[in-house]
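Peer 1: Here it is, the structure in full.
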Amino acid sequence: MRIGVLALQGSFIEHINMLEELGVTATPVYKPDELEGIDGFIIPGGESTTMLNLMHEFGIFEPLKEKARAELPVMGTCAGMLLLAKEVSNPGMETLTLIDISVKRNAFGRQIDSFEASVDIPLLGKEPFLAIFIRAPLIERTSPDVEILGRLNDGTAVAVRQERMLAVSFHPELTQDTRLHRYFLEIVADCLEEEVKSVREAAIPAD
Ligand code: GLN
């Protein structure tokens, strides 16, 4: 299994280290041709406008959008979540529109800068996830097609999934907790299995 990590800006090294710790091949991705042979993709935290501009500069924005729409599972953390969202405000920006959520930048109540909070993510187990928020985006709307995986104590959604897309408003890559990355790798493995199944089925002649 090979996971590409967008390496134009932000906390990509931390994601790569965590993936390697989990025994997965992690490849830094800058250019469109590097998307070939990638089974899953991570967009790190950082500064979303800078990342967006660099994606256009390196010509990877459209190819990534196309590949993600067709087949590629993608996880976005913090700025990465902004880039996956359908709508962004404060201010608005162009995105990959891969998850049907509306997100407000730098909008975490009165907590302007950074804070840590424990987040309940039941499918990762009983132990809450100690999440680091840094000028985090706030999820203001989720479509019914979006599954909310984790919330803060006040009910704010901070971890969401829509089919093979996963997004969190915090930074799992800055902790020692690998559970969210492992969950994403499970999504990638499921997609690979589906692919093998459909190739096999296509190879069996119909009666
Ligand atoms: N506030 C940043 C943005 O708008 C995201 C912060 C982060 O990724 N830690 O891009």
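Residues are referred to by chain and number: the chain letter is A, B, ... according to the order shown in the structure tokens, the number counts from 1 in that chain, and ligands are numbered separately from 1 in the order shown.
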Identify, counting only C-alpha atoms and all ligand atoms, the protein, DNA and RNA residues located within 8 Å of ligand 1, and give them as number ranges by chain.

Peer 2: A: 10, 44-50, 77-80, 82, 105-106, 133-137, 169-171

Peer 1: Kindly save the residues from that selection, with N, CA, C and O atoms included, as a PDB file, in the first residue's frame.

Peer 2:
```pdb
ATOM      1  N   GLY A  10       3.199  22.902   5.035  1.00  0.00           N
ATOM      2  CA  GLY A  10       2.496  22.395   6.216  1.00  0.00           C
ATOM      3  C   GLY A  10       3.134  21.161   6.844  1.00  0.00           C
ATOM      4  O   GLY A  10       4.310  20.864   6.617  1.00  0.00           O
ATOM      5  N   PRO A  44      -2.163  17.696   4.412  1.00  0.00           N
ATOM      6  CA  PRO A  44      -1.825  18.014   5.806  1.00  0.00           C
ATOM      7  C   PRO A  44      -2.426  19.331   6.281  1.00  0.00           C
ATOM      8  O   PRO A  44      -3.081  20.050   5.523  1.00  0.00           O
ATOM      9  N   GLY A  45      -2.152  19.646   7.544  1.00  0.00           N
ATOM     10  CA  GLY A  45      -2.482  20.967   8.071  1.00  0.00           C
ATOM     11  C   GLY A  45      -1.432  21.963   7.615  1.00  0.00           C
ATOM     12  O   GLY A  45      -0.349  21.583   7.175  1.00  0.00           O
ATOM     13  N   GLY A  46      -1.776  23.216   7.701  1.00  0.00           N
ATOM     14  CA  GLY A  46      -0.845  24.253   7.261  1.00  0.00           C
ATOM     15  C   GLY A  46      -1.620  25.529   7.023  1.00  0.00           C
ATOM     16  O   GLY A  46      -2.461  25.908   7.833  1.00  0.00           O
ATOM     17  N   GLU A  47      -1.376  26.141   5.885  1.00  0.00           N
ATOM     18  CA  GLU A  47      -2.121  27.358   5.541  1.00  0.00           C
ATOM     19  C   GLU A  47      -2.813  27.078   4.210  1.00  0.00           C
ATOM     20  O   GLU A  47      -2.152  26.921   3.179  1.00  0.00           O
ATOM     21  N   SER A  48      -4.146  27.044   4.268  1.00  0.00           N
ATOM     22  CA  SER A  48      -4.876  26.506   3.127  1.00  0.00           C
ATOM     23  C   SER A  48      -4.733  27.348   1.852  1.00  0.00           C
ATOM     24  O   SER A  48      -4.625  26.786   0.765  1.00  0.00           O
ATOM     25  N   THR A  49      -4.709  28.677   1.978  1.00  0.00           N
ATOM     26  CA  THR A  49      -4.606  29.512   0.764  1.00  0.00           C
ATOM     27  C   THR A  49      -3.245  29.305   0.111  1.00  0.00           C
ATOM     28  O   THR A  49      -3.148  29.178  -1.127  1.00  0.00           O
ATOM     29  N   THR A  50      -2.198  29.249   0.927  1.00  0.00           N
ATOM     30  CA  THR A  50      -0.850  29.024   0.385  1.00  0.00           C
ATOM     31  C   THR A  50      -0.804  27.671  -0.312  1.00  0.00           C
ATOM     32  O   THR A  50      -0.287  27.534  -1.429  1.00  0.00           O
ATOM     33  N   THR A  77      -6.394  17.007   7.099  1.00  0.00           N
ATOM     34  CA  THR A  77      -6.354  17.446   8.496  1.00  0.00           C
ATOM     35  C   THR A  77      -6.220  18.971   8.533  1.00  0.00           C
ATOM     36  O   THR A  77      -5.351  19.534   7.877  1.00  0.00           O
ATOM     37  N   CYS A  78      -7.096  19.611   9.264  1.00  0.00           N
ATOM     38  CA  CYS A  78      -7.115  21.066   9.467  1.00  0.00           C
ATOM     39  C   CYS A  78      -7.161  21.818   8.123  1.00  0.00           C
ATOM     40  O   CYS A  78      -8.197  21.793   7.473  1.00  0.00           O
ATOM     41  N   ALA A  79      -6.074  22.439   7.671  1.00  0.00           N
ATOM     42  CA  ALA A  79      -6.106  23.100   6.364  1.00  0.00           C
ATOM     43  C   ALA A  79      -6.519  22.091   5.283  1.00  0.00           C
ATOM     44  O   ALA A  79      -7.208  22.443   4.321  1.00  0.00           O
ATOM     45  N   GLY A  80      -6.120  20.846   5.468  1.00  0.00           N
ATOM     46  CA  GLY A  80      -6.498  19.786   4.523  1.00  0.00           C
ATOM     47  C   GLY A  80      -7.997  19.580   4.486  1.00  0.00           C
ATOM     48  O   GLY A  80      -8.574  19.311   3.428  1.00  0.00           O
ATOM     49  N   LEU A  82     -10.164  21.990   5.031  1.00  0.00           N
ATOM     50  CA  LEU A  82     -10.686  23.147   4.272  1.00  0.00           C
ATOM     51  C   LEU A  82     -10.624  22.857   2.768  1.00  0.00           C
ATOM     52  O   LEU A  82     -11.560  23.166   2.025  1.00  0.00           O
ATOM     53  N   ARG A 105     -13.270  29.278   8.436  1.00  0.00           N
ATOM     54  CA  ARG A 105     -11.845  29.285   8.816  1.00  0.00           C
ATOM     55  C   ARG A 105     -11.623  30.027  10.130  1.00  0.00           C
ATOM     56  O   ARG A 105     -12.324  30.989  10.432  1.00  0.00           O
ATOM     57  N   ASN A 106     -10.625  29.612  10.839  1.00  0.00           N
ATOM     58  CA  ASN A 106     -10.154  30.293  12.068  1.00  0.00           C
ATOM     59  C   ASN A 106     -11.319  30.700  12.960  1.00  0.00           C
ATOM     60  O   ASN A 106     -11.380  31.831  13.421  1.00  0.00           O
ATOM     61  N   PHE A 133      -5.780  21.501  18.284  1.00  0.00           N
ATOM     62  CA  PHE A 133      -6.440  22.430  17.356  1.00  0.00           C
ATOM     63  C   PHE A 133      -5.556  23.668  17.210  1.00  0.00           C
ATOM     64  O   PHE A 133      -5.192  24.286  18.212  1.00  0.00           O
ATOM     65  N   ILE A 134      -5.219  24.025  15.985  1.00  0.00           N
ATOM     66  CA  ILE A 134      -4.394  25.223  15.746  1.00  0.00           C
ATOM     67  C   ILE A 134      -5.098  26.090  14.703  1.00  0.00           C
ATOM     68  O   ILE A 134      -5.195  25.710  13.538  1.00  0.00           O
ATOM     69  N   ARG A 135      -5.605  27.225  15.140  1.00  0.00           N
ATOM     70  CA  ARG A 135      -6.391  28.093  14.239  1.00  0.00           C
ATOM     71  C   ARG A 135      -7.316  27.231  13.366  1.00  0.00           C
ATOM     72  O   ARG A 135      -7.307  27.297  12.137  1.00  0.00           O
ATOM     73  N   ALA A 136      -8.090  26.436  14.068  1.00  0.00           N
ATOM     74  CA  ALA A 136      -8.825  25.360  13.403  1.00  0.00           C
ATOM     75  C   ALA A 136     -10.086  25.854  12.691  1.00  0.00           C
ATOM     76  O   ALA A 136     -10.716  26.821  13.112  1.00  0.00           O
ATOM     77  N   PRO A 137     -10.447  25.169  11.618  1.00  0.00           N
ATOM     78  CA  PRO A 137     -11.712  25.472  10.943  1.00  0.00           C
ATOM     79  C   PRO A 137     -12.897  24.851  11.693  1.00  0.00           C
ATOM     80  O   PRO A 137     -12.755  23.798  12.320  1.00  0.00           O
ATOM     81  N   SER A 169     -10.794  18.492  11.904  1.00  0.00           N
ATOM     82  CA  SER A 169     -10.388  19.896  12.025  1.00  0.00           C
ATOM     83  C   SER A 169      -9.167  20.057  12.923  1.00  0.00           C
ATOM     84  O   SER A 169      -8.703  21.161  13.143  1.00  0.00           O
ATOM     85  N   PHE A 170      -8.621  18.933  13.415  1.00  0.00           N
ATOM     86  CA  PHE A 170      -7.444  19.006  14.287  1.00  0.00           C
ATOM     87  C   PHE A 170      -6.245  18.326  13.614  1.00  0.00           C
ATOM     88  O   PHE A 170      -6.284  18.052  12.409  1.00  0.00           O
ATOM     89  N   HIS A 171      -5.187  18.104  14.414  1.00  0.00           N
ATOM     90  CA  HIS A 171      -3.908  17.616  13.864  1.00  0.00           C
ATOM     91  C   HIS A 171      -3.488  16.280  14.475  1.00  0.00           C
ATOM     92  O   HIS A 171      -2.621  16.248  15.342  1.00  0.00           O
TER      93      HIS A 171
END
```

Peer 1: Can you list every residue in region 5-206 of chain A that DSSP puts in helix (DSSP H, G or I), as a ChimeraX atom specification?

Peer 2: /A:12-21,32-35,48-57,61-70,79-84,122-124,172-174,179-203

Peer 1: I'd like to know which of A:Ala107, A:Ile60, A:Val5, A:Val188 is closest to Thr156 (chain A), using only C-alpha atoms.

Peer 2: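 Of A:Ala107, A:Ile60, A:Val5, A:Val188, the one nearest Thr156 (chain A) is A:Ala107, counting only C-alpha atoms.
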
Peer 1: Rounded to one decimal in Å, what is the spacing between CA of Pro122 (chain A) and CA of Leu149 (chain A)?

Peer 2: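 Result for CA of Pro122 (chain A) versus CA of Leu149 (chain A): 7.3 Å, one decimal.
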
Peer 1: Interatomic distance between CA of Leu152 (chain A) and CA of Leu84 (chain A)?

Peer 2: 20.7 Å

Peer 1: Mind listing the strand (DSSP E) residues of region 130-177 of chain A, per DSSP on the backbone, as a list in words?

Peer 2: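 Matching residues for strand (DSSP E) in region 130-177 of chain A are Leu130, Ala131, Ile132, Phe133, Ile134, Leu138, Ile139, Glu140, Arg141, Thr142, Glu147, Ile148, Leu149, Gly150, Arg151, Ala157, Val158, Ala159, Val160, Arg161, Gln162, Met165, Leu166, Ala167 and Val168 of chain A.
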
Peer 1: Could you check which of A:Leu6, A:Ile204, A:Val196, A:Val119 is closest to Met51 (chain A), using only C-alpha atoms?

Peer 2: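 Result for the nearest residue to Met51 (chain A): A:Leu6.
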
Peer 1: Out of A:Leu19, A:Met81, A:Ile139, A:Ala157, which residue has the shortest atom-to-atom distance to Val103 (chain A) when counting only C-alpha atoms?

Peer 2: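 The closest residue to Val103 (chain A) is A:Ile139.
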
Peer 1: Give me, please, the distance in Å between CA of Asp100 (chain A) and CA of Glu62 (chain A), quoted to one decimal.

Peer 2: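 Between these atoms lies a distance of 18.3 Å.
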
Peer 1: Have a look at A:Lys65, A:Arg182, A:Arg164, A:Arg2 and name the one nearest to Val146 (chain A); count only C-alpha atoms.

Peer 2: A:Arg164

Peer 1: My list of candidates is A:Asn53, A:Asn153, A:Gln176, A:Thr97. Which is closest to Leu83 (chain A) when distances are computed with only C-alpha atoms?

Peer 2: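 So, comparing all the options, the nearest one is A:Thr97.
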
Peer 1: I want to know what sits within 9 Å of region 124-131 of chain A, based on only C-alpha atoms, with residues of the same chain fewer than 5 positions away left out; could you give that as a ChimeraX atom specification?

Peer 2: /A:115-119,170-172,174-175,177,179-180,183

Peer 1: With only C-alpha atoms as the atoms that count, which of A:Val199, A:Leu123, A:Ile42, A:Met93 lies nearest to Ala167 (chain A)?

Peer 2: A:Ile42
